[in-house]
>>> print(open('structure_7.pdb').read())   # PDB, C-alpha atoms and all ligand atoms
MODEL        1
ATOM      1  CA  MET A   1      98.544 -88.144-115.917
ATOM      2  CA  ARG A   2      94.797 -87.973-115.206
ATOM      3  CA  LYS A   3      94.017 -89.339-118.693
ATOM      4  CA  ARG A   4      96.325 -92.325-118.235
ATOM      5  CA  LEU A   5      94.895 -92.921-114.789
ATOM      6  CA  ARG A   6      91.366 -92.910-116.198
ATOM      7  CA  GLU A   7      92.371 -95.505-118.810
ATOM      8  CA  LYS A   8      94.017 -97.750-116.233
ATOM      9  CA  LEU A   9      91.191 -97.466-113.746
ATOM     10  CA  SER A  10      88.433 -98.035-116.273
ATOM     11  CA  GLU A  11      89.502-101.673-116.316
ATOM     12  CA  ALA A  12      89.615-101.942-112.505
ATOM     13  CA  ILE A  13      86.601-100.037-111.114
ATOM     14  CA  PRO A  14      82.995 -99.157-112.133
ATOM     15  CA  GLN A  15      82.348 -96.050-114.312
ATOM     16  CA  GLU A  16      80.473 -94.180-111.576
ATOM     17  CA  GLN A  17      83.432 -94.456-109.193
ATOM     18  CA  LEU A  18      85.804 -93.494-111.959
ATOM     19  CA  ARG A  19      84.107 -90.111-112.360
ATOM     20  CA  LYS A  20      84.497 -89.442-108.625
ATOM     21  CA  VAL A  21      88.206 -90.239-108.638
ATOM     22  CA  TYR A  22      88.875 -88.201-111.716
ATOM     23  CA  ASN A  23      87.598 -85.005-110.107
ATOM     24  CA  SER A  24      88.595 -85.604-106.562
ATOM     25  CA  PHE A  25      92.282 -85.915-105.972
ATOM     26  CA  ASP A  26      94.909 -83.298-105.326
ATOM     27  CA  ILE A  27      98.642 -83.605-105.736
ATOM     28  CA  VAL A  28     100.835 -81.782-103.234
ATOM     29  CA  GLY A  29     104.511 -82.412-103.975
ATOM     30  CA  ASP A  30     104.930 -86.190-104.042
ATOM     31  CA  ILE A  31     101.690 -86.825-102.092
ATOM     32  CA  ALA A  32      98.313 -87.527-103.710
ATOM     33  CA  ILE A  33      95.228 -86.880-101.575
ATOM     34  CA  ILE A  34      92.040 -88.680-102.639
ATOM     35  CA  LYS A  35      89.166 -86.601-101.338
ATOM     36  CA  HIS A  36      86.333 -89.137-101.427
ATOM     37  CA  ASN A  37      86.940 -91.397 -98.467
ATOM     38  CA  ASP A  38      83.616 -93.094 -99.223
ATOM     39  CA  LEU A  39      85.290 -94.470-102.321
ATOM     40  CA  GLN A  40      85.153 -98.218-102.567
ATOM     41  CA  ASN A  41      88.388 -99.737-103.825
ATOM     42  CA  ALA A  42      90.319 -96.761-102.435
ATOM     43  CA  GLU A  43      93.494 -98.846-102.113
ATOM     44  CA  VAL A  44      93.183-100.031-105.734
ATOM     45  CA  VAL A  45      92.848 -96.431-106.890
ATOM     46  CA  ALA A  46      95.779 -95.362-104.708
ATOM     47  CA  LYS A  47      98.067 -98.037-106.147
ATOM     48  CA  GLN A  48      97.083 -97.117-109.704
ATOM     49  CA  ILE A  49      97.830 -93.432-109.014
ATOM     50  CA  MET A  50     101.329 -94.449-107.926
ATOM     51  CA  ALA A  51     101.760 -96.728-110.941
ATOM     52  CA  VAL A  52     100.728 -94.016-113.408
ATOM     53  CA  ASN A  53     102.757 -91.239-111.762
ATOM     54  CA  ARG A  54     106.109 -92.508-110.504
ATOM     55  CA  ASN A  55     106.727 -89.193-108.702
ATOM     56  CA  ILE A  56     103.915 -89.945-106.243
ATOM     57  CA  LYS A  57     105.374 -91.594-103.147
ATOM     58  CA  THR A  58     102.343 -91.479-100.845
ATOM     59  CA  VAL A  59      98.574 -91.588-101.271
ATOM     60  CA  LEU A  60      96.394 -90.301 -98.425
ATOM     61  CA  THR A  61      92.693 -89.783 -97.841
ATOM     62  CA  PRO A  62      90.966 -87.466 -95.318
ATOM     63  CA  ILE A  63      89.218 -89.174 -92.415
ATOM     64  CA  SER A  64      87.852 -85.961 -90.920
ATOM     65  CA  ARG A  65      86.530 -82.673 -92.239
ATOM     66  CA  ILE A  66      88.715 -79.570 -92.294
ATOM     67  CA  THR A  67      88.125 -78.138 -88.813
ATOM     68  CA  GLY A  68      89.307 -75.764 -86.108
ATOM     69  CA  ASP A  69      91.222 -72.509 -86.248
ATOM     70  CA  PHE A  70      94.125 -74.146 -88.060
ATOM     71  CA  ARG A  71      91.836 -75.483 -90.851
ATOM     72  CA  VAL A  72      93.424 -78.949 -90.791
ATOM     73  CA  ARG A  73      92.134 -82.502 -91.197
ATOM     74  CA  GLU A  74      93.208 -86.022 -90.272
ATOM     75  CA  LEU A  75      94.561 -88.132 -93.094
ATOM     76  CA  LYS A  76      94.845 -91.894 -93.508
ATOM     77  CA  LEU A  77      97.527 -93.700 -95.508
ATOM     78  CA  LEU A  78      96.193 -95.620 -98.531
ATOM     79  CA  ALA A  79      99.445 -96.543-100.271
ATOM     80  CA  GLY A  80     103.178 -95.835-100.317
ATOM     81  CA  GLU A  81     105.390 -94.183 -97.706
ATOM     82  CA  ASN A  82     103.779 -93.306 -94.393
ATOM     83  CA  LYS A  83     104.402 -89.549 -94.307
ATOM     84  CA  THR A  84     102.526 -86.249 -94.426
ATOM     85  CA  ASN A  85     105.351 -83.812 -95.197
ATOM     86  CA  THR A  86     106.409 -82.925 -98.721
ATOM     87  CA  THR A  87     107.835 -80.227-100.980
ATOM     88  CA  HIS A  88     105.481 -78.633-103.503
ATOM     89  CA  ARG A  89     106.469 -76.474-106.479
ATOM     90  CA  GLU A  90     104.249 -73.686-107.773
ATOM     91  CA  SER A  91     104.899 -70.579-109.926
ATOM     92  CA  GLY A  92     108.666 -70.958-109.573
ATOM     93  CA  CYS A  93     108.394 -71.162-105.760
ATOM     94  CA  ILE A  94     109.103 -74.069-103.421
ATOM     95  CA  PHE A  95     106.778 -74.811-100.507
ATOM     96  CA  LYS A  96     107.587 -77.284 -97.768
ATOM     97  CA  VAL A  97     104.453 -78.356 -95.954
ATOM     98  CA  ASP A  98     102.982 -80.984 -93.663
ATOM     99  CA  VAL A  99      99.590 -81.616 -95.259
ATOM    100  CA  GLU A 100      98.107 -82.920 -92.005
ATOM    101  CA  LYS A 101      99.409 -80.224 -89.654
ATOM    102  CA  CYS A 102      98.942 -77.184 -91.929
ATOM    103  CA  TYR A 103      96.325 -75.993 -94.389
ATOM    104  CA  PHE A 104      97.463 -76.330 -97.994
ATOM    105  CA  SER A 105      95.565 -76.412-101.281
ATOM    106  CA  PRO A 106      97.181 -76.726-104.708
ATOM    107  CA  ARG A 107      93.845 -75.439-106.059
ATOM    108  CA  LEU A 108      94.767 -71.893-104.948
ATOM    109  CA  SER A 109      97.761 -71.653-107.285
ATOM    110  CA  HIS A 110      95.914 -69.579-109.878
ATOM    111  CA  GLU A 111      94.723 -67.164-107.192
ATOM    112  CA  HIS A 112      98.240 -66.804-105.716
ATOM    113  CA  LYS A 113      99.490 -65.824-109.168
ATOM    114  CA  ARG A 114      96.569 -63.526-109.929
ATOM    115  CA  LEU A 115      97.102 -61.526-106.739
ATOM    116  CA  ALA A 116     100.848 -61.343-107.282
ATOM    117  CA  GLY A 117     100.091 -59.728-110.647
ATOM    118  CA  LEU A 118      98.066 -56.966-108.941
ATOM    119  CA  VAL A 119     100.748 -55.869-106.468
ATOM    120  CA  GLN A 120     102.547 -52.651-107.421
ATOM    121  CA  LEU A 121     106.169 -51.686-106.846
ATOM    122  CA  GLY A 122     107.003 -50.975-103.200
ATOM    123  CA  GLU A 123     103.641 -51.990-101.747
ATOM    124  CA  VAL A 124     103.223 -53.110 -98.146
ATOM    125  CA  VAL A 125     100.981 -56.177 -97.870
ATOM    126  CA  VAL A 126      99.372 -57.656 -94.764
ATOM    127  CA  ASN A 127      98.424 -61.323 -95.235
ATOM    128  CA  MET A 128      96.063 -62.012 -92.324
ATOM    129  CA  PHE A 129      95.803 -65.811 -92.782
ATOM    130  CA  ALA A 130      99.083 -66.766 -94.396
ATOM    131  CA  GLY A 131      99.367 -70.562 -93.867
ATOM    132  CA  VAL A 132     102.824 -71.741 -94.976
ATOM    133  CA  GLY A 133     103.293 -68.457 -96.864
ATOM    134  CA  CYS A 134     102.122 -69.200-100.423
ATOM    135  CA  PHE A 135     100.443 -65.868-101.285
ATOM    136  CA  SER A 136     103.219 -63.803 -99.692
ATOM    137  CA  ILE A 137     106.083 -65.737-101.268
ATOM    138  CA  VAL A 138     104.575 -65.788-104.774
ATOM    139  CA  ILE A 139     103.985 -62.020-104.390
ATOM    140  CA  ALA A 140     107.556 -61.396-103.185
ATOM    141  CA  LYS A 141     109.011 -63.476-106.031
ATOM    142  CA  THR A 142     106.926 -61.544-108.566
ATOM    143  CA  GLN A 143     107.443 -58.074-107.067
ATOM    144  CA  SER A 144     110.736 -58.061-105.159
ATOM    145  CA  GLN A 145     110.279 -54.591-103.612
ATOM    146  CA  THR A 146     107.249 -55.752-101.609
ATOM    147  CA  LYS A 147     107.060 -56.070 -97.834
ATOM    148  CA  ALA A 148     104.564 -58.772 -96.843
ATOM    149  CA  TYR A 149     103.687 -59.188 -93.151
ATOM    150  CA  SER A 150     102.425 -62.763 -93.039
ATOM    151  CA  ILE A 151     100.436 -63.771 -90.005
ATOM    152  CA  ASP A 152      99.228 -67.211 -88.971
ATOM    153  CA  VAL A 153      97.956 -68.569 -85.675
ATOM    154  CA  ASN A 154      99.237 -72.127 -86.316
ATOM    155  CA  PRO A 155     102.810 -72.415 -84.943
ATOM    156  CA  ILE A 156     103.640 -75.319 -87.267
ATOM    157  CA  ALA A 157     102.448 -73.389 -90.332
ATOM    158  CA  VAL A 158     104.607 -70.450 -89.232
ATOM    159  CA  GLN A 159     107.647 -72.759 -88.831
ATOM    160  CA  TYR A 160     107.129 -73.999 -92.398
ATOM    161  CA  MET A 161     106.575 -70.414 -93.570
ATOM    162  CA  GLU A 162     109.915 -69.385 -92.014
ATOM    163  CA  GLU A 163     111.631 -72.262 -93.802
ATOM    164  CA  ASN A 164     109.885 -71.441 -97.095
ATOM    165  CA  VAL A 165     110.925 -67.802 -96.825
ATOM    166  CA  LYS A 166     114.573 -68.926 -96.552
ATOM    167  CA  ILE A 167     114.384 -71.521 -99.349
ATOM    168  CA  ASN A 168     112.801 -69.000-101.708
ATOM    169  CA  GLN A 169     115.269 -66.271-100.666
ATOM    170  CA  VAL A 170     112.651 -63.678 -99.799
ATOM    171  CA  CYS A 171     113.866 -62.918 -96.249
ATOM    172  CA  ASN A 172     113.925 -59.185 -97.015
ATOM    173  CA  SER A 173     110.348 -59.163 -98.285
ATOM    174  CA  VAL A 174     108.274 -61.681 -96.317
ATOM    175  CA  PHE A 175     108.005 -61.426 -92.529
ATOM    176  CA  PRO A 176     106.324 -64.430 -90.855
ATOM    177  CA  ILE A 177     104.452 -63.552 -87.655
ATOM    178  CA  LEU A 178     102.883 -66.055 -85.247
ATOM    179  CA  GLY A 179      99.595 -64.969 -83.687
ATOM    180  CA  ASP A 180      95.964 -64.024 -84.128
ATOM    181  CA  SER A 181      95.893 -61.472 -86.957
ATOM    182  CA  LYS A 182      93.380 -59.362 -85.029
ATOM    183  CA  ASP A 183      95.851 -58.944 -82.128
ATOM    184  CA  ILE A 184      98.903 -58.535 -84.368
ATOM    185  CA  ILE A 185      97.227 -55.779 -86.394
ATOM    186  CA  GLN A 186      95.971 -53.997 -83.281
ATOM    187  CA  THR A 187      99.376 -54.014 -81.585
ATOM    188  CA  ARG A 188     101.837 -53.737 -84.491
ATOM    189  CA  LEU A 189     100.324 -53.180 -87.928
ATOM    190  CA  GLN A 190      97.807 -50.321 -87.752
ATOM    191  CA  GLY A 191      97.832 -48.058 -90.812
ATOM    192  CA  VAL A 192     100.776 -49.723 -92.588
ATOM    193  CA  ALA A 193      99.295 -51.566 -95.573
ATOM    194  CA  ASP A 194      98.513 -50.793 -99.196
ATOM    195  CA  ARG A 195      96.867 -54.209 -99.521
ATOM    196  CA  VAL A 196      95.332 -56.710 -97.097
ATOM    197  CA  LEU A 197      94.690 -60.379 -97.915
ATOM    198  CA  MET A 198      91.915 -62.259 -96.087
ATOM    199  CA  PRO A 199      92.127 -65.871 -97.368
ATOM    200  CA  LEU A 200      90.006 -67.413 -94.615
ATOM    201  CA  PRO A 201      86.292 -67.349 -95.531
ATOM    202  CA  GLU A 202      85.195 -68.563 -92.088
ATOM    203  CA  LYS A 203      86.589 -65.446 -90.340
ATOM    204  CA  ALA A 204      86.677 -62.817 -93.082
ATOM    205  CA  LEU A 205      83.511 -60.933 -92.075
ATOM    206  CA  GLU A 206      84.404 -60.844 -88.370
ATOM    207  CA  TYR A 207      87.965 -59.685 -89.146
ATOM    208  CA  LEU A 208      87.022 -57.060 -91.761
ATOM    209  CA  PRO A 209      87.311 -54.119 -89.276
ATOM    210  CA  TYR A 210      90.898 -55.217 -88.471
ATOM    211  CA  ALA A 211      91.707 -55.454 -92.188
ATOM    212  CA  LEU A 212      90.489 -51.864 -92.581
ATOM    213  CA  SER A 213      92.566 -50.706 -89.633
ATOM    214  CA  ALA A 214      95.707 -52.240 -91.180
ATOM    215  CA  LEU A 215      95.316 -50.050 -94.284
ATOM    216  CA  LYS A 216      97.165 -46.753 -94.697
ATOM    217  CA  LYS A 217      95.146 -43.588 -93.944
ATOM    218  CA  THR A 218      94.792 -43.040 -97.703
ATOM    219  CA  GLY A 219      93.027 -46.394 -98.096
ATOM    220  CA  GLY A 220      94.044 -49.337-100.267
ATOM    221  CA  TRP A 221      92.921 -52.805-101.325
ATOM    222  CA  ILE A 222      91.270 -55.679 -99.487
ATOM    223  CA  HIS A 223      91.040 -59.135-101.065
ATOM    224  CA  TYR A 224      88.086 -60.816 -99.404
ATOM    225  CA  TYR A 225      87.418 -64.579 -99.693
ATOM    226  CA  ASP A 226      84.065 -66.187 -98.950
ATOM    227  CA  PHE A 227      82.141 -69.437 -99.165
ATOM    228  CA  GLN A 228      78.668 -68.784-100.495
ATOM    229  CA  HIS A 229      75.553 -70.925-100.766
ATOM    230  CA  ALA A 230      73.806 -70.064-104.037
ATOM    231  CA  PRO A 231      71.119 -72.489-105.203
ATOM    232  CA  GLY A 232      69.353 -72.151-108.559
ATOM    233  CA  LYS A 233      69.947 -68.897-110.382
ATOM    234  CA  GLU A 234      71.439 -67.047-107.399
ATOM    235  CA  ASN A 235      74.778 -65.393-108.117
ATOM    236  CA  PRO A 236      77.361 -66.353-105.453
ATOM    237  CA  ALA A 237      79.663 -63.377-106.033
ATOM    238  CA  GLU A 238      76.718 -60.950-105.841
ATOM    239  CA  LYS A 239      75.640 -62.528-102.534
ATOM    240  CA  THR A 240      79.139 -62.034-101.118
ATOM    241  CA  LYS A 241      79.079 -58.411-102.289
ATOM    242  CA  MET A 242      75.758 -57.765-100.537
ATOM    243  CA  LYS A 243      77.020 -59.210 -97.272
ATOM    244  CA  VAL A 244      80.286 -57.265 -97.358
ATOM    245  CA  ALA A 245      78.617 -54.024 -98.498
ATOM    246  CA  GLN A 246      76.305 -54.178 -95.471
ATOM    247  CA  LYS A 247      79.294 -54.526 -93.129
ATOM    248  CA  LEU A 248      81.375 -51.801 -94.820
ATOM    249  CA  ASP A 249      78.373 -49.442 -94.869
ATOM    250  CA  SER A 250      77.758 -50.045 -91.172
ATOM    251  CA  MET A 251      81.375 -49.071 -90.474
ATOM    252  CA  GLY A 252      81.197 -45.948 -92.658
ATOM    253  CA  ALA A 253      83.872 -46.945 -95.184
ATOM    254  CA  THR A 254      83.838 -45.714 -98.785
ATOM    255  CA  TYR A 255      84.667 -48.407-101.301
ATOM    256  CA  VAL A 256      84.402 -49.805-104.799
ATOM    257  CA  PHE A 257      84.012 -53.480-105.680
ATOM    258  CA  ALA A 258      86.596 -53.428-108.458
ATOM    259  CA  ASN A 259      86.312 -57.121-109.187
ATOM    260  CA  SER A 260      84.283 -60.077-107.992
ATOM    261  CA  ARG A 261      84.320 -63.657-109.170
ATOM    262  CA  VAL A 262      83.542 -67.249-108.373
ATOM    263  CA  MET A 263      86.816 -69.112-107.890
ATOM    264  CA  ARG A 264      85.418 -72.655-107.812
ATOM    265  CA  PRO A 265      82.494 -74.784-106.679
ATOM    266  CA  THR A 266      83.124 -76.333-103.243
ATOM    267  CA  GLY A 267      80.036 -78.563-102.927
ATOM    268  CA  PRO A 268      76.450 -78.835-104.181
ATOM    269  CA  ASN A 269      75.317 -75.177-104.589
ATOM    270  CA  TRP A 270      78.351 -73.939-102.639
ATOM    271  CA  TYR A 271      81.085 -71.732-104.138
ATOM    272  CA  GLN A 272      84.277 -70.003-103.129
ATOM    273  CA  THR A 273      84.184 -66.346-104.140
ATOM    274  CA  VAL A 274      86.654 -63.469-104.049
ATOM    275  CA  LEU A 275      86.145 -59.704-103.992
ATOM    276  CA  ASP A 276      88.868 -57.181-104.806
ATOM    277  CA  ILE A 277      87.706 -54.161-102.808
ATOM    278  CA  GLN A 278      89.234 -50.722-103.206
ATOM    279  CA  ILE A 279      88.799 -48.769 -99.986
ATOM    280  CA  THR A 280      88.783 -45.138-101.091
ATOM    281  CA  ALA A 281      88.117 -43.642 -97.641
ATOM    282  CA  LEU A 282      88.457 -45.244 -94.222
ATOM    283  CA  PRO A 283      85.800 -44.787 -91.533
ATOM    284  CA  ASN A 284      86.406 -41.650 -89.429
ATOM    285  CA  LYS A 285      87.291 -43.644 -86.296
ATOM    286  CA  PHE A 286      90.372 -45.015 -88.086
TER     287      PHE A 286
HETATM  288  C1  LIG B   1      92.662 -71.217 -95.648
HETATM  289  S1  LIG B   1      94.161 -71.161 -94.773
HETATM  290  C2  LIG B   1      95.151 -69.997 -95.645
HETATM  291  C3  LIG B   1      95.693 -70.512 -96.905
HETATM  292  C4  LIG B   1      96.907 -69.794 -97.390
HETATM  293  N1  LIG B   1      96.692 -68.380 -97.480
HETATM  294  C5  LIG B   1      97.345 -70.377 -98.717
HETATM  295  O1  LIG B   1      97.328 -69.680 -99.723
HETATM  296  O2  LIG B   1      97.721 -71.543 -98.723
HETATM  297  C6  LIG B   1      93.738 -70.227 -93.366
HETATM  298  C7  LIG B   1      94.871 -70.044 -92.374
HETATM  299  O3  LIG B   1      94.441 -69.120 -91.397
HETATM  300  C8  LIG B   1      95.016 -69.478 -90.161
HETATM  301  N2  LIG B   1      94.226 -68.793 -89.117
HETATM  302  C9  LIG B   1      93.024 -69.139 -88.595
HETATM  303  N3  LIG B   1      92.604 -68.214 -87.704
HETATM  304  C10 LIG B   1      93.564 -67.255 -87.673
HETATM  305  C11 LIG B   1      93.705 -66.039 -86.967
HETATM  306  N4  LIG B   1      92.771 -65.619 -86.123
HETATM  307  N5  LIG B   1      94.806 -65.292 -87.183
HETATM  308  C12 LIG B   1      95.771 -65.707 -88.035
HETATM  309  N6  LIG B   1      95.701 -66.870 -88.726
HETATM  310  C13 LIG B   1      94.605 -67.626 -88.566
HETATM  311  C14 LIG B   1      94.987 -70.994 -90.149
HETATM  312  O4  LIG B   1      95.946 -71.518 -89.272
HETATM  313  C15 LIG B   1      95.278 -71.306 -91.631
HETATM  314  O5  LIG B   1      96.643 -71.548 -91.839
ENDMDL
END
>>> encode(input="structure_7.pdb", output="structure tokens", more="lines below")
Ligand SMILES: C[S@@+](CC[C@H](N)C(=O)[O-])C[C@H]1O[C@@H](n2cnc3c(N)ncnc32)[C@H](O)[C@@H]1O
Amino acid sequence: MRKRLREKLSEAIPQEQLRKVYNSFDIVGDIAIIKHNDLQNAEVVAKQIMAVNRNIKTVLTPISRITGDFRVRELKLLAGENKTNTTHRESGCIFKVDVEKCYFSPRLSHEHKRLAGLVQLGEVVVNMFAGVGCFSIVIAKTQSQTKAYSIDVNPIAVQYMEENVKINQVCNSVFPILGDSKDIIQTRLQGVADRVLMPLPEKALEYLPYALSALKKTGGWIHYYDFQHAPGKENPAEKTKMKVAQKLDSMGATYVFANSRVMRPTGPNWYQTVLDIQITALPNKF
């Protein structure tokens, strides 16, 4: 689709703009989201996207940055039906979502699948920032014996998560919970988990002690996500490791960084990174 779009657009807009479009739109279900709202001819581009891909019913563009606890942004209609809700398919799962009221990124699909491949039979997972349930549902579909406690503070995301759990028939494996994951862990989920997911870079460091306290006494795995500024030859994943090591050392945890990698660039010299951390011994106070 992107190749055909490039061909069509090359007649309609300048080369420089074409490059921007090519790398900057996401498709969520039947909605395309063009990221560059500074794009001239945005409506032209939007109409061409719909002409090239007949499954696209709506084209939107962000008019604010992703902000607030819910990690959401305002979107403006460029072409097609005026709507923000859709149904997205990924890894054999179905996700209903409102792209304006909930966080959703189709760019995480590889990571959802990668994590699902790591989960072992019978594991208990705590997903601290679950959104509409993507990680938990892909995990439950891959490893049916899992129990995944899936927490989110956004009531609309949790409503969608509840619906997605039903549609994907994982009611016995995925348990949506509305609330601040710090409070939920402290009151209900201490010492239960084999694996904790922290897919919210903005809060991961602050919430790391709660992730540790959710793990079973024997330890387990933490998947830690970060945004890292790494100009020049700096290694973004190594910078994340240094930051997290300092925090874990200060808490007295014993750990191994089993895997670290850069998931994707997120801006000039900015990267999203992930660490798979094996906690081999919890701090004494836990
Ligand atoms: C980056 S999104 C998660 C994406 C999701 N895991 C996925 O794969 O699509 C972060 C989520 O964390 C939620 N959130 C923010 N602060 C929170 C908190 N203190 N406790 C629980 N959820 C929180 C937001 O509402 C948002 O849905």
>>> atom_distance(input="structure_7.pdb", atom1="CA of Leu108 (chain A)", atom2="CA of Asn41 (chain A)")
28.6 Å
>>> resolve_selection(input="structure_7.pdb", expression="the PyMOL selection byres (((chain A and resi 124-137) around 6) and not hetatm)", output="ChimeraX atom specification")
/A:112,123,138-140,146-152,157,160-161,181,193-199
>>> residues_around(input="structure_7.pdb", residues="Lys3 (chain A)", least_positions_apart="4", cutoff="10 Å", atoms="all atoms listed in the file", output="PyMOL selection string")
chain A and resi 7-9+22+52
>>> residues_near_point(input="structure_7.pdb", point="(93.0, -95.9, -105.8)", cutoff="12 Å", atoms="only C-alpha atoms", output="PyMOL selection string")
chain A and resi 5-6+8-10+12-13+17-18+20-22+24-25+32-52+58-61+77-80
>>> write_last_selection(input="structure_7.pdb", atoms="C-alpha atoms", output="PDB file, in the coordinates of the input")
ATOM      1  CA  LEU A   5      94.895 -92.921-114.789  1.00  0.00           C
ATOM      2  CA  ARG A   6      91.366 -92.910-116.198  1.00  0.00           C
ATOM      3  CA  LYS A   8      94.017 -97.750-116.233  1.00  0.00           C
ATOM      4  CA  LEU A   9      91.191 -97.466-113.746  1.00  0.00           C
ATOM      5  CA  SER A  10      88.433 -98.035-116.273  1.00  0.00           C
ATOM      6  CA  ALA A  12      89.615-101.942-112.505  1.00  0.00           C
ATOM      7  CA  ILE A  13      86.601-100.037-111.114  1.00  0.00           C
ATOM      8  CA  GLN A  17      83.432 -94.456-109.193  1.00  0.00           C
ATOM      9  CA  LEU A  18      85.804 -93.494-111.959  1.00  0.00           C
ATOM     10  CA  LYS A  20      84.497 -89.442-108.625  1.00  0.00           C
ATOM     11  CA  VAL A  21      88.206 -90.239-108.638  1.00  0.00           C
ATOM     12  CA  TYR A  22      88.875 -88.201-111.716  1.00  0.00           C
ATOM     13  CA  SER A  24      88.595 -85.604-106.562  1.00  0.00           C
ATOM     14  CA  PHE A  25      92.282 -85.915-105.972  1.00  0.00           C
ATOM     15  CA  ALA A  32      98.313 -87.527-103.710  1.00  0.00           C
ATOM     16  CA  ILE A  33      95.228 -86.880-101.575  1.00  0.00           C
ATOM     17  CA  ILE A  34      92.040 -88.680-102.639  1.00  0.00           C
ATOM     18  CA  LYS A  35      89.166 -86.601-101.338  1.00  0.00           C
ATOM     19  CA  HIS A  36      86.333 -89.137-101.427  1.00  0.00           C
ATOM     20  CA  ASN A  37      86.940 -91.397 -98.467  1.00  0.00           C
ATOM     21  CA  ASP A  38      83.616 -93.094 -99.223  1.00  0.00           C
ATOM     22  CA  LEU A  39      85.290 -94.470-102.321  1.00  0.00           C
ATOM     23  CA  GLN A  40      85.153 -98.218-102.567  1.00  0.00           C
ATOM     24  CA  ASN A  41      88.388 -99.737-103.825  1.00  0.00           C
ATOM     25  CA  ALA A  42      90.319 -96.761-102.435  1.00  0.00           C
ATOM     26  CA  GLU A  43      93.494 -98.846-102.113  1.00  0.00           C
ATOM     27  CA  VAL A  44      93.183-100.031-105.734  1.00  0.00           C
ATOM     28  CA  VAL A  45      92.848 -96.431-106.890  1.00  0.00           C
ATOM     29  CA  ALA A  46      95.779 -95.362-104.708  1.00  0.00           C
ATOM     30  CA  LYS A  47      98.067 -98.037-106.147  1.00  0.00           C
ATOM     31  CA  GLN A  48      97.083 -97.117-109.704  1.00  0.00           C
ATOM     32  CA  ILE A  49      97.830 -93.432-109.014  1.00  0.00           C
ATOM     33  CA  MET A  50     101.329 -94.449-107.926  1.00  0.00           C
ATOM     34  CA  ALA A  51     101.760 -96.728-110.941  1.00  0.00           C
ATOM     35  CA  VAL A  52     100.728 -94.016-113.408  1.00  0.00           C
ATOM     36  CA  THR A  58     102.343 -91.479-100.845  1.00  0.00           C
ATOM     37  CA  VAL A  59      98.574 -91.588-101.271  1.00  0.00           C
ATOM     38  CA  LEU A  60      96.394 -90.301 -98.425  1.00  0.00           C
ATOM     39  CA  THR A  61      92.693 -89.783 -97.841  1.00  0.00           C
ATOM     40  CA  LEU A  77      97.527 -93.700 -95.508  1.00  0.00           C
ATOM     41  CA  LEU A  78      96.193 -95.620 -98.531  1.00  0.00           C
ATOM     42  CA  ALA A  79      99.445 -96.543-100.271  1.00  0.00           C
ATOM     43  CA  GLY A  80     103.178 -95.835-100.317  1.00  0.00           C
TER      44      GLY A  80
END
>>> closest_residue(input="structure_7.pdb", among="A:Pro231, A:Pro201, A:Pro283, A:Gly220", to="ligand LIG 1 (chain B)", atoms="all atoms listed in the file")
A:Pro201
>>> closest_residue(input="structure_7.pdb", among="A:Ala281, A:Ser105, A:Glu206, A:Glu16", to="Lys247 (chain A)", atoms="all atoms listed in the file")
A:Glu206
>>> resolve_selection(input="structure_7.pdb", expression="the PyMOL selection byres (((chain A and resi 64-70) around 7) and not hetatm)", output="PyMOL selection string")
chain A and resi 62-63+71-74+102-103+154
>>> write_last_selection(input="structure_7.pdb", atoms="C-alpha atoms", output="compact mmCIF listing (two decimals), keeping the file's coordinate frame")
# COMPACT_ATOMS: atom_id res chain seq x y z
CA PRO A 62 90.97 -87.47 -95.32
CA ILE A 63 89.22 -89.17 -92.42
CA ARG A 71 91.84 -75.48 -90.85
CA VAL A 72 93.42 -78.95 -90.79
CA ARG A 73 92.13 -82.50 -91.20
CA GLU A 74 93.21 -86.02 -90.27
CA CYS A 102 98.94 -77.18 -91.93
CA TYR A 103 96.32 -75.99 -94.39
CA ASN A 154 99.24 -72.13 -86.32
>>> residues_around(input="structure_7.pdb", residues="Ser260 (chain A)", least_positions_apart="3", cutoff="12 Å", atoms="all atoms listed in the file", output="list of chain:residue names")
A:Ile222, A:His223, A:Tyr224, A:Tyr225, A:Asp226, A:Asn235, A:Pro236, A:Ala237, A:Glu238, A:Lys239, A:Thr240, A:Lys241, A:Met242, A:Val244, A:Val256, A:Phe257, A:Met263, A:Gln272, A:Thr273, A:Val274, A:Leu275, A:Asp276, A:Ile277, A:Gln278
>>> resolve_selection(input="structure_7.pdb", expression="the PyMOL selection byres (((chain A and resi 169) around 12) and not hetatm)", output="MDAnalysis selection string")
chainID A and resid 93:94 137:138 140:141 144 161:168 170:175
>>> closest_residue(input="structure_7.pdb", among="A:Ile177, A:Val153, A:Ile184, A:Ala245", to="Ser213 (chain A)", atoms="only C-alpha atoms")
A:Ile184
>>> closest_residue(input="structure_7.pdb", among="A:Glu234, A:Asp249, A:Asp183, A:Asp98", to="ligand LIG 1 (chain B)", atoms="all atoms listed in the file")
A:Asp183
>>> atom_distance(input="structure_7.pdb", atom1="CA of Lys113 (chain A)", atom2="CA of Tyr207 (chain A)")
23.9 Å
>>> atom_distance(input="structure_7.pdb", atom1="atom O5 of ligand LIG 1 (chain B)", atom2="CA of Arg107 (chain A)")
15.0 Å
>>> closest_residue(input="structure_7.pdb", among="A:Thr218, A:Thr280, A:Ser109, A:Asn85", to="ligand LIG 1 (chain B)", atoms="only C-alpha atoms and all ligand atoms")
A:Ser109
>>> axis_aligned_box(input="structure_7.pdb", around="region 83-89 of chain A", padding_each_side="8 Å", output="AutoDock Vina command-line options")
--center_x 105.2 --center_y -83.0 --center_z -100.4 --size_x 21.3 --size_y 29.1 --size_z 28.2
>>> closest_residue(input="structure_7.pdb", among="A:Trp221, A:Phe286, A:Phe95, A:Phe104", to="ligand LIG 1 (chain B)", atoms="only C-alpha atoms and all ligand atoms")
A:Phe104
